[in-house]
Each structure stands twice: as C-alpha cells, then as structure tokens.
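Asker: Have a look at this one.
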2 protein chains.
Amino acid sequence: MINQNIKIAVDAIVFGYERGTLYVLAVQQRFGKLADRWVLPGGFILDDEPLLTAVERELKEEAGITVNYLEQLGTFGDDVKRDERFRVISVAYFALVNPKNFVLKADTDAKDAKWFPVAEVPKLGYDHNEMVNLAHQRLKSKLTYQPIGFDLLDQEFLFSDLENLYCSILERDIDRRNFRKKILSFGIVTETDKVVKIGASGRPGKLFTFDKSKYNQLLKENFQFDIRFA
Amino acid sequence: MINQNIKIAVDAIVFGYERGTLYVLAVQQRFGKLADRWVLPGGFILDDEPLLTAVERELKEEAGITVNYLEQLGTFGDDVKRDERFRVISVAYFALVNPKNFVLKADTDAKDAKWFPVAEVPKLGYDHNEMVNLAHQRLKSKLTYQPIGFDLLDQEFLFSDLENLYCSILERDIDRRNFRKKILSFGIVTETDKVVKIGASGRPGKLFTFDKSKYNQLLKENFQFDIRFA
DNA sequence: CCTAATTTGTGTAAAAACAACACAAAGTTA
DNA sequence: TAACTTTGTGTTGTTTTTACACAAATTAGG
C-alpha cells in the first residue's frame, strides 16, 4: 500500500497586456500562514476534478476572470513546504487574458486581486516567482512561433497595437513595414472596413481581426507561424 | 483542512536510437491489477523525494539505466483511475539515452524491460500511449531547435550517423551537403582525427564529437540552433 | 485657417540564406 | 581489376530577409 502524504494544487500565471505594459495577476491571501502575502491565483484540486477545470474554477473564484488561452506550464514542488503537515506539488498553468474584459474582484478566498507589471512583481509566496519567470520566458518564445498575441488584444485591433505588443513583450525594435508585410503574408489577419482613431492625434487606422479558423485550416496544411526579426 | 485522496507518480518516456530506428522503453508489470501488462517505467514518488530524483530512481530500479537527457514533459491524470482506491496524477518525463550504453535489466518491480520501435509500441497500461505520442512529437520538434540528437548517439559519431538520425526521426529526406554545411557552420561539432569504417564497405569516415561547452558558450551570445530544411 | 505635430500606410534594392544538384576519393567484394 | 558502397566537397539560381524614407490623414495650437 502506498502511503504518501502529498497534496496537489494548481496555480495560474495569468498575463494581461495593456498600452505597452505586460501584467501578471496576483491575489492576496486572506487566511493561513501567508495571510496578506501576494501569491498566484490557485489552490487545491478536488478529488474528481480535472486539472484544467480546477484552474478555471480558481480563477473564477479568486479573481472573477475567464481566460482566453490556457495551457499547462509545468509541475513544481520539489523544495517547498507550503504547509508543515504535508508536501504540496503544484501544477502551474500559463494563461492569457485581455484585462479590459474584466473587473478584478476577489470573491471567495482572496482578500484582493491585482495586476502587477511583470517588471514590478513583488516577492510572492511559495515558489511563485520562479513560476512567473518560467511563464514569462514561455510567453516570449511562444509569441514567436504561435499566434497567441491576439489573445492579449481586443478582438479588433490596430496594426500598431499588435506591433507594440511584440515590441514591448520581446523588448526589441521591430521594423514596422517588414512586420506588417510578414503578418499579412500569413493571411491570418484580416482588415475590417472600420476606421478609428484612438490616440489624441494622428491619422486614423483600420481595425484588424485575427482569423482563427483560417489559422486552424492553415495548420492542417503544415503552415508554420514564425515571427522573428530585427 | 484539505482532504484529498490523490497519489502522485512519475513516468518516463525514454527514447533510444540505433541504426535508423527510434525505440521507446517499456517495462512489464510484475504485480497488481495490470500484471504482465507493458507500461512506461515509473512509480510513486516518496514524500521527501524531488520529482527528478524519483524518475531517476525508477529508471535505475526498473530497467537499470541512467539517461543522457531528462526534462519534464507534462502532468497527466484527469481521466484515469489506475487504482480504485485513489486517483493518480502522474508527472511524465521525457528522456534520451544511448541504448548501446546499457544492458536492460528488470531489477526490482518489473518483470521485464524492453525497447519497442516507436512504430510498434503495443497498447500500454493507463494513459501511457498518450504520453508516448506527446513525447514523440516533442522529440521531433525539439530536434529542430535544440541539439539533443547528440544525446542519442555515441560520443564519437560519423556525420552520416547524425544525418540518418535526423532523417529517420523526422521522417524526411535531407540533402547531405546542405545538412553538413549547416551543422558545421554552427561550430558545435568538431572533427576528431580518428577515421573509421563501420559498415561493410565504403570509404572510411572521420569521427565527430558534439562540443557541449562551445554550445553553452554560444547560447550566452544569443545563438539559436536551428535545423529545418528539405 | 494655416503650420507643426502625430500616426498610418506603402515599395524597392542590397544582402543573406536556402535549395538544388554531381562527381571524385577511399575503401571492400567478387 | 571492375563493380559497388560510402565519404567528402562547391557553385548557382531562387527565395527570404533586412534596411530604409516619404506621402496621407488627422489633431492641436497659434
């Protein structure tokens, strides 16, 4: 008979993007040893609950959000004793959301929920800073080979929004013309006929949308999304 | 108080390569409900044992091998009841080994241990076929952007060995000249002065080695390993 | 209402990377 | 010694990537 004294939790690293800044969601613990401490949203899973469901539930409960993109990041828990009573192993999930779509609200377990700019994430409880770092790297690399940037933007966006997202997250300059040329060459971004002006001044721009079904179709034909240049 | 009735296991998908064929390691269970069934090597972790250590221990115990490369693949266990008594969540690891370096021996728990060509893996217990598939994809994609092929080869190898490894695992033709040109241009593969003849006939070839320290050095300078062509 | 400032939108040319391709050299076998 | 097998090597055309600048549409301010 196996006698194991380990509990399983899930945690989520939720990224949001707005006006040139990348944010991570954290919640402030209400109870327990680490009360008042900021941590990633997450918690123990139920016996009959799939891992993904557990993450979604916790995000709903602790911050009131539903994410656009969710995938497993990795499993942590080699050197952590969250609790004296047992070891905790946590399955971390990587998530993307458009912060504009939600008003954060700390419902159940959490005292507060807040977006921190990735550059200013405080010292979190447990091994959560480590998770944030790994997730941040994943975001950067994934941005170059999967069209996940769109999950951080509005459904309709200006080309400059997309461009700024890439610039700011990848922390480098991008040639505007080459970027547009390449993205458009894929055929997965469509121009709408809406023209808007968002900033204070300047020429109004067309709105674009990401054509997900077109992308899925291309995938079947061995298409490879790939954005990387000077 | 958390009341969770879940146990944690680790499993390993160990790939080996020899003479144009890619193999996966499986072990035959000695005890339990699935006695005689082939499964991936693995088992429950100990309360104070890091996950990686657990995998290494199991591989040693069940098959007598030590791997060249080991990384976490993902965590499974949403729809599996290995055991009626509790749910099992398993952290799967992806591993590479050179089969020539070991004689498989099924020491402790396992009745037998065996290499199956990936194309001929039988129906395994639990969700292990799913894990093998995911690991196989990971191997294929990783081969193109990380120099992990070398972990499947002898320390000294012929250029044709490397080339055949890529051909057979990626299942496509490679232009011998372009492949050699590209690999050599990275500067991470060094020519030794040994010349050997392995097959029955033909011109003897030089042996090469993978210069790992050179690779690590290049990584710091933003080098990106990348092999993909017709 | 005119000028300066801001943002969108667009094409071309040079450089680099990639793809396609064939034959001589060194050995073995019959 | 002729036929076979495997290693080793360069060039050329094509495609992709990079670098780069100016006109159009609007707002703000004098």
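How things are named: the first chain in the structure tokens is A, the next is B, and so on; residues count from 1 in each chain; ligands count from 1 in the order shown.
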Starting from chain A, keep only residues with some atom at most 10 Å from an atom of chain C, counting only C-alpha atoms (C1' of nucleotides), and report them as number ranges by chain.
Answerer: A: 158-160, 177, 197, 199-206
Asker: Dump C-alpha atoms for the selected residues as a tab-separated table (two decimals), in the first residue's frame?
Answerer:
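Result file selection_4.tsv:
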chain	number	residue	atom	x	y	z
A	158	LEU	CA	-4.98	48.41	-34.88
A	159	PHE	CA	-1.91	47.09	-36.57
A	160	SER	CA	0.13	49.32	-34.34
A	177	ARG	CA	6.94	47.75	-42.65
A	197	LYS	CA	-8.69	56.99	-34.26
A	199	GLY	CA	-4.83	58.26	-29.60
A	200	ALA	CA	-5.02	62.02	-29.32
A	201	SER	CA	-3.81	62.80	-32.79
A	202	GLY	CA	-2.60	61.22	-35.97
A	203	ARG	CA	-4.08	59.57	-38.98
A	204	PRO	CA	-6.89	57.12	-38.17
A	205	GLY	CA	-6.15	53.45	-38.78
A	206	LYS	CA	-8.05	50.42	-39.95
Asker: Give me, as JSON lines, each residue of chain A that comes within 10 Å of chain B, together with its shortest interatomic pair and the distance in Å at one decimal, counting only C-alpha atoms, with rows ordered by chain and rising residue number.
Answerer:
{"residue": "A:Ile2", "atom": "CA", "partner": "B:Phe44", "partner_atom": "CA", "distance": 7.9}
{"residue": "A:Asn3", "atom": "CA", "partner": "B:Asp47", "partner_atom": "CA", "distance": 8.6}
{"residue": "A:Gln4", "atom": "CA", "partner": "B:Asp47", "partner_atom": "CA", "distance": 6.0}
{"residue": "A:Asn5", "atom": "CA", "partner": "B:Asp47", "partner_atom": "CA", "distance": 6.2}
{"residue": "A:Ile6", "atom": "CA", "partner": "B:Asp47", "partner_atom": "CA", "distance": 6.6}
{"residue": "A:Lys7", "atom": "CA", "partner": "B:Gln4", "partner_atom": "CA", "distance": 6.7}
{"residue": "A:Ile8", "atom": "CA", "partner": "B:Ile6", "partner_atom": "CA", "distance": 7.7}
{"residue": "A:Phe44", "atom": "CA", "partner": "B:Ile2", "partner_atom": "CA", "distance": 7.8}
{"residue": "A:Ile45", "atom": "CA", "partner": "B:Gln4", "partner_atom": "CA", "distance": 8.0}
{"residue": "A:Leu46", "atom": "CA", "partner": "B:Gln4", "partner_atom": "CA", "distance": 6.9}
{"residue": "A:Asp47", "atom": "CA", "partner": "B:Gln4", "partner_atom": "CA", "distance": 6.0}
{"residue": "A:Asp48", "atom": "CA", "partner": "B:Arg87", "partner_atom": "CA", "distance": 7.9}
{"residue": "A:Glu49", "atom": "CA", "partner": "B:Asp78", "partner_atom": "CA", "distance": 7.4}
{"residue": "A:Pro50", "atom": "CA", "partner": "B:Asp78", "partner_atom": "CA", "distance": 4.7}
{"residue": "A:Leu51", "atom": "CA", "partner": "B:Asp78", "partner_atom": "CA", "distance": 6.5}
{"residue": "A:Leu52", "atom": "CA", "partner": "B:Asp78", "partner_atom": "CA", "distance": 8.7}
{"residue": "A:Thr53", "atom": "CA", "partner": "B:Asp78", "partner_atom": "CA", "distance": 9.7}
{"residue": "A:Gln72", "atom": "CA", "partner": "B:Gly74", "partner_atom": "CA", "distance": 7.4}
{"residue": "A:Leu73", "atom": "CA", "partner": "B:Gly74", "partner_atom": "CA", "distance": 7.9}
{"residue": "A:Gly74", "atom": "CA", "partner": "B:Gly74", "partner_atom": "CA", "distance": 6.3}
{"residue": "A:Thr75", "atom": "CA", "partner": "B:Thr75", "partner_atom": "CA", "distance": 7.0}
{"residue": "A:Phe76", "atom": "CA", "partner": "B:Leu51", "partner_atom": "CA", "distance": 8.6}
{"residue": "A:Gly77", "atom": "CA", "partner": "B:Pro50", "partner_atom": "CA", "distance": 7.7}
{"residue": "A:Asp78", "atom": "CA", "partner": "B:Pro50", "partner_atom": "CA", "distance": 4.6}
{"residue": "A:Asp79", "atom": "CA", "partner": "B:Pro50", "partner_atom": "CA", "distance": 7.4}
{"residue": "A:Phe86", "atom": "CA", "partner": "B:Asp47", "partner_atom": "CA", "distance": 8.5}
{"residue": "A:Arg87", "atom": "CA", "partner": "B:Asp47", "partner_atom": "CA", "distance": 7.1}
{"residue": "A:Val88", "atom": "CA", "partner": "B:Asp47", "partner_atom": "CA", "distance": 9.8}
{"residue": "A:Ile89", "atom": "CA", "partner": "B:Ile8", "partner_atom": "CA", "distance": 8.8}
{"residue": "A:Val91", "atom": "CA", "partner": "B:Thr75", "partner_atom": "CA", "distance": 7.5}
{"residue": "A:Ala92", "atom": "CA", "partner": "B:Thr75", "partner_atom": "CA", "distance": 9.9}
Asker: As a ChimeraX atom specification, please: every residue in region 68-166 of chain A that DSSP puts in strand (DSSP E).
Answerer: /A:69-76,87-97,110-117,156-158
Asker: Can you check which residues of chain D have any atom within 8 Å of chain B? Use only C-alpha atoms (C1' of nucleotides) and format it as a list in words.
Answerer: DT5, DT6 and DT7 of chain D
Asker: Region 35-167 of chain B: which residues are alpha helix (DSSP H) by DSSP, as an MDAnalysis selection string?
Answerer: chainID B and resid 51:63 128:145 159:167
Asker: Would you list the contacts of Ala95 (chain B) as a count of residues only, taking every protein, DNA or RNA residue within 9 Å and counting only C-alpha atoms (C1' of nucleotides), but skipping same-chain residues closer than 6 positions in sequence?
Answerer: 12
Asker: Could you tell me how far CA of Trp38 (chain A) lies from CA of Gly125 (chain A), in Å and to one decimal?
Answerer: 6.4 Å
Asker: Return the single residue from A:Ala119, A:Leu170, A:Leu104, A:Ala230 that is closest to Ser141 (chain A), with distances computed using only C-alpha atoms.
Answerer: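 Residue with the minimum atom-to-atom distance to Ser141 (chain A): A:Leu170.
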Asker: Env of Asp107 (chain B): 7 Å cut, atoms = only C-alpha atoms (C1' of nucleotides), seq-sep filter 2 positions within chain, self excluded. Answer as a list of chain:residue names.
Answerer: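 Non-adjacent residues within range: B:Glu61, B:Glu62, B:Ala63, B:Lys105, B:Asp109, B:Ala110.
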Asker: So, counting only C-alpha atoms, which residue among A:Leu124, A:Leu96, A:Ile198, A:Val103 is closest to Val27 (chain A)?
Answerer: A:Leu124
